[in-house]
Structure formats: C-alpha cells, structure tokens
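Listing of run-v7.csv, CSV, C-alpha atoms
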```
chain,number,residue,atom,x,y,z
A,1,MET,CA,48.5,72.1,17.5
A,2,ILE,CA,49.0,72.8,21.2
A,3,ILE,CA,47.4,76.0,22.5
A,4,PHE,CA,48.8,77.9,25.4
A,5,GLY,CA,45.9,79.3,27.3
A,6,ALA,CA,42.5,77.6,28.0
A,7,ASN,CA,40.6,80.9,28.1
A,8,TYR,CA,38.3,82.9,25.7
A,9,LEU,CA,41.3,83.5,23.4
A,10,GLY,CA,42.3,79.9,23.4
A,11,ARG,CA,38.8,78.8,22.6
A,12,ALA,CA,38.6,81.2,19.7
A,13,ALA,CA,42.0,80.1,18.4
A,14,LYS,CA,40.9,76.4,18.6
A,15,GLU,CA,37.9,77.2,16.4
A,16,ILE,CA,40.1,79.0,13.9
A,17,PHE,CA,42.6,76.2,13.7
A,18,GLU,CA,39.9,73.5,13.3
A,19,ALA,CA,38.2,75.6,10.6
A,20,ASN,CA,41.6,75.5,8.8
A,21,GLU,CA,41.6,71.7,9.2
A,22,VAL,CA,44.3,71.8,11.9
A,23,VAL,CA,44.0,69.2,14.7
A,24,VAL,CA,44.2,70.7,18.2
A,25,TYR,CA,45.9,68.2,20.4
A,26,GLY,CA,45.2,70.0,23.7
A,27,PHE,CA,45.6,73.2,25.8
A,28,LEU,CA,48.3,74.1,28.4
A,29,ASP,CA,47.2,76.4,31.2
A,30,ASP,CA,48.6,77.3,34.6
A,31,ASP,CA,45.2,77.1,36.3
A,32,LYS,CA,45.4,73.7,38.0
A,33,LYS,CA,41.6,73.6,38.4
A,34,LEU,CA,41.4,73.2,34.6
A,35,HIS,CA,43.9,70.4,34.3
A,36,GLN,CA,42.4,67.2,32.8
A,37,THR,CA,39.1,68.9,32.1
A,38,GLU,CA,37.7,69.3,28.6
A,39,ILE,CA,37.0,72.6,26.9
A,40,ASP,CA,35.0,72.3,23.7
A,41,ASP,CA,36.0,68.6,23.5
A,42,VAL,CA,39.7,69.2,23.9
A,43,VAL,CA,41.6,68.4,27.1
A,44,VAL,CA,43.6,70.8,29.2
A,45,LEU,CA,46.7,68.6,29.4
A,46,GLY,CA,48.7,70.5,32.1
A,47,ALA,CA,50.7,73.6,32.9
A,48,THR,CA,52.5,75.9,30.4
A,49,ASP,CA,55.9,74.6,31.6
A,50,ASP,CA,55.0,70.9,31.5
A,51,ASP,CA,58.1,69.5,29.8
A,52,GLY,CA,56.3,66.2,28.9
A,53,PHE,CA,54.1,68.1,26.5
A,54,LEU,CA,56.6,70.9,25.5
A,55,LYS,CA,58.9,68.3,24.0
A,56,LEU,CA,56.3,67.6,21.4
A,57,ILE,CA,56.4,71.1,20.1
A,58,GLY,CA,58.7,71.4,17.1
A,59,LYS,CA,58.6,67.6,16.5
A,60,LYS,CA,55.0,66.5,16.4
A,61,SER,CA,53.1,69.7,17.0
A,62,GLU,CA,53.0,73.4,16.4
A,63,ALA,CA,52.3,76.0,19.1
A,64,PHE,CA,50.0,79.0,19.5
A,65,VAL,CA,50.1,81.4,22.5
A,66,ALA,CA,46.5,82.4,23.3
A,67,ILE,CA,47.2,84.6,26.4
A,68,ASP,CA,46.4,88.3,26.4
A,69,ASP,CA,48.6,89.2,29.4
A,70,ASN,CA,51.6,90.6,27.5
A,71,LYS,CA,54.1,89.8,30.3
A,72,LEU,CA,53.2,86.1,30.3
A,73,ARG,CA,52.7,86.0,26.6
A,74,LYS,CA,56.3,87.3,26.1
A,75,ALA,CA,57.7,84.8,28.5
A,76,ILE,CA,56.1,81.8,26.8
A,77,VAL,CA,57.1,83.1,23.3
A,78,LYS,CA,60.7,83.5,24.6
A,79,MET,CA,60.7,79.9,26.0
A,80,LEU,CA,59.4,78.5,22.7
A,81,GLN,CA,62.0,80.4,20.7
A,82,GLU,CA,65.0,79.6,23.0
A,83,VAL,CA,64.1,76.1,24.3
A,84,ARG,CA,62.0,74.6,21.6
A,85,HIS,CA,63.5,76.6,18.7
A,86,VAL,CA,60.2,77.3,17.1
A,87,GLN,CA,58.0,80.4,16.4
A,88,PRO,CA,54.4,80.3,17.4
A,89,VAL,CA,52.1,80.1,14.3
A,90,ASN,CA,49.4,82.6,13.2
A,91,ALA,CA,45.7,82.0,13.9
A,92,ILE,CA,43.9,83.6,11.1
A,93,HIS,CA,40.1,83.2,10.8
A,94,THR,CA,38.8,81.9,7.5
A,95,LYS,CA,36.4,84.9,7.4
A,96,ALA,CA,39.2,87.5,8.0
A,97,SER,CA,40.1,89.5,4.9
A,98,VAL,CA,43.9,89.7,4.5
A,99,SER,CA,45.3,91.4,1.4
A,100,ALA,CA,48.0,89.5,-0.5
A,101,LYS,CA,50.0,92.7,-0.3
A,102,ALA,CA,49.9,92.8,3.6
A,103,GLU,CA,52.8,91.5,5.7
A,104,ILE,CA,52.3,89.4,8.8
A,105,GLY,CA,54.9,88.2,11.3
A,106,TYR,CA,54.5,85.2,13.7
A,107,GLY,CA,52.1,84.2,16.4
A,108,ASN,CA,49.3,86.6,15.6
A,109,PHE,CA,45.6,86.2,16.3
A,110,ILE,CA,43.4,87.6,13.6
A,111,ASP,CA,39.7,87.1,14.2
A,112,HIS,CA,36.5,86.9,12.2
A,113,SER,CA,35.8,89.9,9.9
A,114,ALA,CA,39.1,91.6,10.5
A,115,TYR,CA,40.5,93.4,7.5
A,116,LEU,CA,44.1,94.0,6.6
A,117,ALA,CA,44.6,96.3,3.7
A,118,PRO,CA,47.4,96.3,1.1
A,119,GLY,CA,50.7,97.6,2.5
A,120,ALA,CA,49.6,96.8,6.1
A,121,LYS,CA,52.5,95.4,8.1
A,122,ILE,CA,51.7,93.4,11.3
A,123,GLY,CA,54.5,92.5,13.6
A,124,SER,CA,54.5,89.3,15.7
A,125,HIS,CA,52.3,88.1,18.6
A,126,CYS,CA,49.5,90.7,18.1
A,127,ILE,CA,45.9,90.2,18.9
A,128,ILE,CA,43.5,91.7,16.3
A,129,ASN,CA,39.9,91.1,17.3
A,130,THR,CA,36.7,90.9,15.3
A,131,LYS,CA,35.8,93.6,12.8
A,132,VAL,CA,39.1,95.5,13.2
A,133,SER,CA,40.0,97.5,10.1
A,134,VAL,CA,43.8,97.9,9.5
A,135,GLY,CA,44.2,100.4,6.7
A,136,VAL,CA,46.7,100.9,3.8
A,137,ASP,CA,50.3,101.2,5.0
A,138,VAL,CA,49.4,100.8,8.7
A,139,VAL,CA,52.3,99.4,10.7
A,140,LEU,CA,51.8,97.5,13.9
A,141,GLY,CA,54.7,96.5,16.1
A,142,ASP,CA,55.0,93.4,18.3
A,143,PHE,CA,52.6,92.4,21.1
A,144,VAL,CA,50.0,94.9,20.0
A,145,GLN,CA,46.3,94.3,21.0
A,146,VAL,CA,43.5,95.9,19.1
A,147,GLY,CA,39.9,95.6,20.4
A,148,ALA,CA,36.8,94.6,18.4
A,149,GLY,CA,35.5,97.1,15.9
A,150,SER,CA,38.4,99.5,15.9
A,151,THR,CA,39.6,101.3,12.8
A,152,LEU,CA,43.2,102.2,12.1
A,153,ASN,CA,43.2,104.5,9.2
A,154,PRO,CA,45.9,104.6,6.4
A,155,GLY,CA,49.4,105.5,7.5
A,156,VAL,CA,48.9,104.9,11.2
A,157,LYS,CA,51.9,103.6,13.1
A,158,ILE,CA,51.4,101.6,16.3
A,159,GLU,CA,54.6,100.8,18.2
A,160,ASP,CA,55.2,97.6,20.3
A,161,GLU,CA,53.0,96.6,23.2
A,162,VAL,CA,50.2,99.1,22.6
A,163,PHE,CA,46.7,98.3,23.9
A,164,ILE,CA,43.8,99.6,21.9
A,165,GLY,CA,40.3,99.2,23.3
A,166,SER,CA,37.1,98.3,21.4
A,167,GLY,CA,35.6,100.7,19.0
A,168,VAL,CA,38.6,103.0,18.7
A,169,THR,CA,39.2,105.2,15.7
A,170,ILE,CA,42.7,106.4,14.9
A,171,VAL,CA,42.9,109.0,12.1
A,172,SER,CA,45.4,108.8,9.3
A,173,GLY,CA,49.1,109.3,9.9
A,174,ILE,CA,49.0,109.2,13.7
A,175,THR,CA,51.8,107.5,15.6
A,176,VAL,CA,51.0,105.7,18.9
A,177,GLY,CA,54.1,105.2,21.1
A,178,LYS,CA,55.3,102.0,22.7
A,179,GLY,CA,53.2,100.7,25.6
A,180,ALA,CA,50.5,103.3,25.3
A,181,ARG,CA,46.9,102.5,26.1
A,182,ILE,CA,43.8,103.8,24.3
A,183,GLY,CA,40.4,103.5,26.0
A,184,ALA,CA,37.4,102.0,24.3
A,185,GLY,CA,35.5,104.2,22.0
A,186,SER,CA,38.2,106.8,21.8
A,187,VAL,CA,38.9,108.9,18.7
A,188,VAL,CA,42.6,109.6,18.4
A,189,ILE,CA,43.5,112.7,16.4
A,190,ALA,CA,46.9,113.5,17.7
A,191,PRO,CA,50.1,111.5,18.4
A,192,VAL,CA,50.2,109.5,21.6
A,193,LYS,CA,53.4,109.4,23.6
A,194,ALA,CA,55.0,106.1,24.7
A,195,GLY,CA,53.5,104.8,27.9
A,196,ALA,CA,50.6,107.3,27.9
A,197,THR,CA,46.9,106.4,28.5
A,198,VAL,CA,44.4,108.3,26.5
A,199,PHE,CA,40.6,108.3,26.4
A,200,GLY,CA,37.7,110.2,24.9
A,201,ASN,CA,36.5,112.0,21.7
A,202,PRO,CA,38.9,113.5,21.0
A,203,ALA,CA,41.3,111.4,23.0
A,204,GLN,CA,42.9,113.1,25.9
A,205,VAL,CA,45.7,112.0,28.3
A,206,VAL,CA,44.4,110.3,31.5
A,207,LYS,CA,46.6,111.1,34.5
```

Could you render the structure as structure tokens?
Amino acid sequence: MIIFGANYLGRAAKEIFEANEVVVYGFLDDDKKLHQTEIDDVVVLGATDDDGFLKLIGKKSEAFVAIDDNKLRKAIVKMLQEVRHVQPVNAIHTKASVSAKAEIGYGNFIDHSAYLAPGAKIGSHCIINTKVSVGVDVVLGDFVQVGAGSTLNPGVKIEDEVFIGSGVTIVSGITVGKGARIGAGSVVIAPVKAGATVFGNPAQVVK
C-alpha cells in the first residue's frame, strides 16, 4: 500500500491498513520537508507526482488518497484512474460497523466506531470520521466529508462534495445540495441548497 498524504488522515489510514494486515510501503506527500523522514515507522518516499513510485501502483501496490483538500484529492484520484488505471482502495477500520446491506464505492475512509446502516449508499472518495452514524437508506455522493460524531438520520441525501462538521445532526429525509457546508454542532431540519453554508440549531444560512 502507498498512501498519498503524510498527515493526520494518512496516519489514521496507515493504522487501519496495518490492522487489516496490509503492509504500508510508504507515504507520498508534496511537503519536501517530510521527504525521507519517518512517520510511525514508515518513510515519506517523495512527492505525489514521483513517477518512480507511481509506477509501482497497479503492479506491486495499491493506493489510498489520504488528503482532505477536495481539489487536490480529486486531482490525485483522476491521475490514478487515468494514468495508473486503478481505483483507490477503501480504508475501513476494523471497529467500524458496516451492514452487509450497505453499498460502498472506492477510496473511502471510514474510521473507528462509524456505523453504516442497511440500505446506506456511500459514493467514492468520502471521509467518514469516528462515531459517525449513517442511517437506513442514507445516500452520500462522492467526495463527501462527515465530521466526528455526526448523525445522518434515515433517508437523508447528501450530494457530491458536501462538508459536514463534527457533531452535526441531519433529520430524516433532508437533502443537502452539492458543495454545501454545514458548521459543527448544527441541527439541520430543512433542505440545504447547493453551495450554501449553514450553521446553528436550527441551522440557518450564513451569508
């Protein structure tokens, strides 16, 4: 396994893979100060565009993108798909609870104590942090980020590239539009339009 991103998310992903008995060969990161240093006993090999290491992906190694900046995350995913002809793998913690009736795409990060209920549909390249509850028939698009301790109640629909802060509650049946942002601790009781930022209890649009 080669992990893109030697940050907090990369470290968490490394622990997940090793718990699943997957060997992490190294990190790739664009911060030159980190190159050839060790993080949790694994070396930061070079930059994310280092062809010497990229050529291993799809032949001798899988890849995981541990970067929470969606623009950069999307660029690396696109490169892996178009140049290396691979999909990033999922990083699912051994102590996450994922229903056999849930559906999961590619390249997702699902942390400790997260719960995915029956009928939940998770797109690709999402970040689902610790103690997130994804209810029955919840649908997440691609590149969605959900903060620790958030609850998505049954029937919620989250479109692509939505950011949900920590400790958010979204009541049943609500749709959150593409690219919206929901502030930490908010309680969402009404639909959120694409691109909007909302915050509070009940959540209100922030202008």

Exercise. List the residues sitting within 12 Å of (41.1, 109.8, 10.6) in the file's frame, using only C-alpha atoms, as a list in words.
Key: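 These residues have at least one counted atom within 12 Å: Gly135, Ser150, Thr151, Leu152, Asn153, Pro154, Gly155, Val156, Val168, Thr169, Ile170, Val171, Ser172, Gly173, Ile174, Ser186, Val187, Val188, Ile189, Ala190 and Pro202 of chain A.
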
Quiz prompt | Which of A:Ala96, A:Ala102, A:Met1, A:Ile158 sits closest to Leu56 in chain A [using all atoms listed in the file] | solution =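 Ranking A:Ala96, A:Ala102, A:Met1, A:Ile158 by distance to Leu56 in chain A, first place goes to A:Met1.
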
Practice problem: Could you give me, as number ranges by chain, the residues within 12 Å of Ser133 in chain A, counting only C-alpha atoms and dropping anything in the same chain fewer than 3 positions from it? | Solution: A: 96-99, 110-118, 120, 128-130, 136, 138, 146-154, 156, 166-170

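CA of Ile122 in chain A is found 9.3 Å from CA of Val134 in chain A.
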
Quiz item: For Thr94 in chain A, which residue among A:Ala184, A:Val144, A:Ile16, A:Ala63 is the nearest when counting all atoms listed in the file?
Solution: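 Between A:Ala184, A:Val144, A:Ile16, A:Ala63, the residue approaching Thr94 in chain A most closely is A:Ile16.
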
Practice problem: Name the closest residue to Asp49 in chain A among the candidates A:Arg11, A:Arg181, A:Lys207, A:Arg84; distances are taken between atoms, counting all atoms listed in the file. | Solution: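 The shortest atom-to-atom distance to Asp49 in chain A comes from A:Arg84.
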
Quiz item: Can you tell me how far CA of Ala194 in chain A sits from CA of Val206 in chain A, in Å to one decimal?
Solution: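 One can read the CA of Ala194 in chain A to CA of Val206 in chain A distance as 13.3 Å.
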
Quiz item: Pick the closest to Lys33 in chain A from A:Lys157, A:His85, A:Ala6, A:His93: which is it, counting all atoms listed in the file?
Solution: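 Nearest to Lys33 in chain A: A:Ala6.
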
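Of the residues under consideration (A:Glu15, A:Ile182, A:His125, A:Met79), A:Ile182 shows the shortest atom-to-atom contact distance to Asn201 in chain A when counting only C-alpha atoms.
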
Exercise. Quote the spacing between CA of Val86 in chain A and CA of Ile57 in chain A in Å to one decimal place.
Key: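 CA of Ile57 in chain A lies 7.9 Å from CA of Val86 in chain A.
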
Quiz item: Restricting the calculation to only C-alpha atoms, which member of A:Asp41, A:Ala91, A:Leu72, A:Phe199 is positioned closest to Ile104 in chain A?
Solution: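 Using only C-alpha atoms, Ile104 in chain A sits closest to A:Ala91.
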
Quiz prompt | Neighbour list for Gln87 in chain A as a count of residues only, cut-off 8 Å, all atoms listed in the file, skip fewer than 6 positions in-chain | solution = 6

Quiz item: If we count only C-alpha atoms, what is near Asp29 in chain A at a cut-off of 6 Å, once residues fewer than 5 positions away on the same chain are taken out, given as a list in words?
Solution: Gly5, Ala6, Ala47 and Thr48 of chain A

Keeping only C-alpha atoms, write the selected residues as a compact mmCIF listing (two decimals), keeping the file's coordinate frame.
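selection_29.txt, written as the output of this step:
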```
# COMPACT_ATOMS: atom_id res chain seq x y z
CA GLY A 5 45.90 79.30 27.30
CA ALA A 6 42.50 77.60 28.00
CA ALA A 47 50.70 73.60 32.90
CA THR A 48 52.50 75.90 30.40
```

As an mmCIF file, in the frame of the given file, could you write out range 181-205 of chain A once it has been completed with N, CA, C and O atoms?
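Output contents, as saved in rebuild_35.cif:
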```cif
data_model
loop_
_atom_site.group_PDB
_atom_site.id
_atom_site.type_symbol
_atom_site.label_atom_id
_atom_site.label_comp_id
_atom_site.auth_asym_id
_atom_site.auth_seq_id
_atom_site.Cartn_x
_atom_site.Cartn_y
_atom_site.Cartn_z
ATOM 1 N N ARG A 181 48.194 103.096 25.997
ATOM 2 C CA ARG A 181 46.900 102.500 26.100
ATOM 3 C C ARG A 181 45.810 103.451 25.668
ATOM 4 O O ARG A 181 45.836 104.620 26.073
ATOM 5 N N ILE A 182 44.882 102.946 24.852
ATOM 6 C CA ILE A 182 43.800 103.800 24.300
ATOM 7 C C ILE A 182 42.476 103.202 24.756
ATOM 8 O O ILE A 182 42.160 102.048 24.439
ATOM 9 N N GLY A 183 41.698 103.981 25.488
ATOM 10 C CA GLY A 183 40.400 103.500 26.000
ATOM 11 C C GLY A 183 39.391 103.256 24.971
ATOM 12 O O GLY A 183 39.400 103.869 23.893
ATOM 13 N N ALA A 184 38.458 102.358 25.270
ATOM 14 C CA ALA A 184 37.400 102.000 24.300
ATOM 15 C C ALA A 184 36.607 103.179 23.859
ATOM 16 O O ALA A 184 36.307 104.091 24.626
ATOM 17 N N GLY A 185 36.287 103.180 22.568
ATOM 18 C CA GLY A 185 35.500 104.200 22.000
ATOM 19 C C GLY A 185 36.161 105.532 21.705
ATOM 20 O O GLY A 185 35.533 106.490 21.241
ATOM 21 N N SER A 186 37.455 105.596 21.941
ATOM 22 C CA SER A 186 38.200 106.800 21.800
ATOM 23 C C SER A 186 38.397 107.165 20.271
ATOM 24 O O SER A 186 38.451 106.267 19.424
ATOM 25 N N VAL A 187 38.528 108.467 19.998
ATOM 26 C CA VAL A 187 38.900 108.900 18.700
ATOM 27 C C VAL A 187 40.233 109.657 18.804
ATOM 28 O O VAL A 187 40.318 110.700 19.461
ATOM 29 N N VAL A 188 41.262 109.085 18.204
ATOM 30 C CA VAL A 188 42.600 109.600 18.400
ATOM 31 C C VAL A 188 42.970 110.470 17.171
ATOM 32 O O VAL A 188 43.043 109.986 16.046
ATOM 33 N N ILE A 189 43.183 111.772 17.437
ATOM 34 C CA ILE A 189 43.500 112.700 16.400
ATOM 35 C C ILE A 189 44.830 113.359 16.485
ATOM 36 O O ILE A 189 45.197 114.211 15.678
ATOM 37 N N ALA A 190 45.580 112.962 17.526
ATOM 38 C CA ALA A 190 46.900 113.500 17.700
ATOM 39 C C ALA A 190 47.844 112.382 18.188
ATOM 40 O O ALA A 190 47.381 111.384 18.744
ATOM 41 N N PRO A 191 49.164 112.517 17.956
ATOM 42 C CA PRO A 191 50.100 111.500 18.400
ATOM 43 C C PRO A 191 49.977 111.170 19.866
ATOM 44 O O PRO A 191 49.693 112.053 20.675
ATOM 45 N N VAL A 192 50.211 109.906 20.214
ATOM 46 C CA VAL A 192 50.200 109.500 21.600
ATOM 47 C C VAL A 192 51.569 109.063 22.021
ATOM 48 O O VAL A 192 52.217 108.245 21.363
ATOM 49 N N LYS A 193 52.050 109.636 23.117
ATOM 50 C CA LYS A 193 53.400 109.400 23.600
ATOM 51 C C LYS A 193 53.529 107.957 24.165
ATOM 52 O O LYS A 193 52.554 107.390 24.659
ATOM 53 N N ALA A 194 54.740 107.439 24.137
ATOM 54 C CA ALA A 194 55.000 106.100 24.700
ATOM 55 C C ALA A 194 54.561 106.076 26.173
ATOM 56 O O ALA A 194 54.814 107.008 26.941
ATOM 57 N N GLY A 195 53.867 105.001 26.527
ATOM 58 C CA GLY A 195 53.500 104.800 27.900
ATOM 59 C C GLY A 195 52.238 105.575 28.359
ATOM 60 O O GLY A 195 51.750 105.392 29.476
ATOM 61 N N ALA A 196 51.709 106.452 27.507
ATOM 62 C CA ALA A 196 50.600 107.300 27.900
ATOM 63 C C ALA A 196 49.269 106.484 27.829
ATOM 64 O O ALA A 196 49.145 105.522 27.076
ATOM 65 N N THR A 197 48.285 106.923 28.613
ATOM 66 C CA THR A 197 46.900 106.400 28.500
ATOM 67 C C THR A 197 46.017 107.524 28.085
ATOM 68 O O THR A 197 46.017 108.594 28.692
ATOM 69 N N VAL A 198 45.259 107.284 27.010
ATOM 70 C CA VAL A 198 44.400 108.300 26.500
ATOM 71 C C VAL A 198 42.944 107.760 26.393
ATOM 72 O O VAL A 198 42.736 106.561 26.217
ATOM 73 N N PHE A 199 41.969 108.679 26.466
ATOM 74 C CA PHE A 199 40.600 108.300 26.400
ATOM 75 C C PHE A 199 39.715 109.443 25.969
ATOM 76 O O PHE A 199 40.001 110.592 26.295
ATOM 77 N N GLY A 200 38.640 109.136 25.228
ATOM 78 C CA GLY A 200 37.700 110.200 24.900
ATOM 79 C C GLY A 200 37.606 110.520 23.424
ATOM 80 O O GLY A 200 38.322 109.968 22.593
ATOM 81 N N ASN A 201 36.725 111.471 23.105
ATOM 82 C CA ASN A 201 36.500 112.000 21.700
ATOM 83 C C ASN A 201 36.498 113.492 21.774
ATOM 84 O O ASN A 201 35.502 114.077 22.163
ATOM 85 N N PRO A 202 37.630 114.126 21.386
ATOM 86 C CA PRO A 202 38.900 113.500 21.000
ATOM 87 C C PRO A 202 39.660 112.984 22.206
ATOM 88 O O PRO A 202 39.442 113.426 23.327
ATOM 89 N N ALA A 203 40.525 112.016 21.950
ATOM 90 C CA ALA A 203 41.300 111.400 23.000
ATOM 91 C C ALA A 203 42.171 112.326 23.756
ATOM 92 O O ALA A 203 42.889 113.108 23.127
ATOM 93 N N GLN A 204 42.094 112.305 25.094
ATOM 94 C CA GLN A 204 42.900 113.100 25.900
ATOM 95 C C GLN A 204 43.714 112.264 26.909
ATOM 96 O O GLN A 204 43.271 111.163 27.269
ATOM 97 N N VAL A 205 44.852 112.744 27.355
ATOM 98 C CA VAL A 205 45.700 112.000 28.300
ATOM 99 C C VAL A 205 44.954 111.841 29.632
ATOM 100 O O VAL A 205 44.415 112.795 30.166
#
```
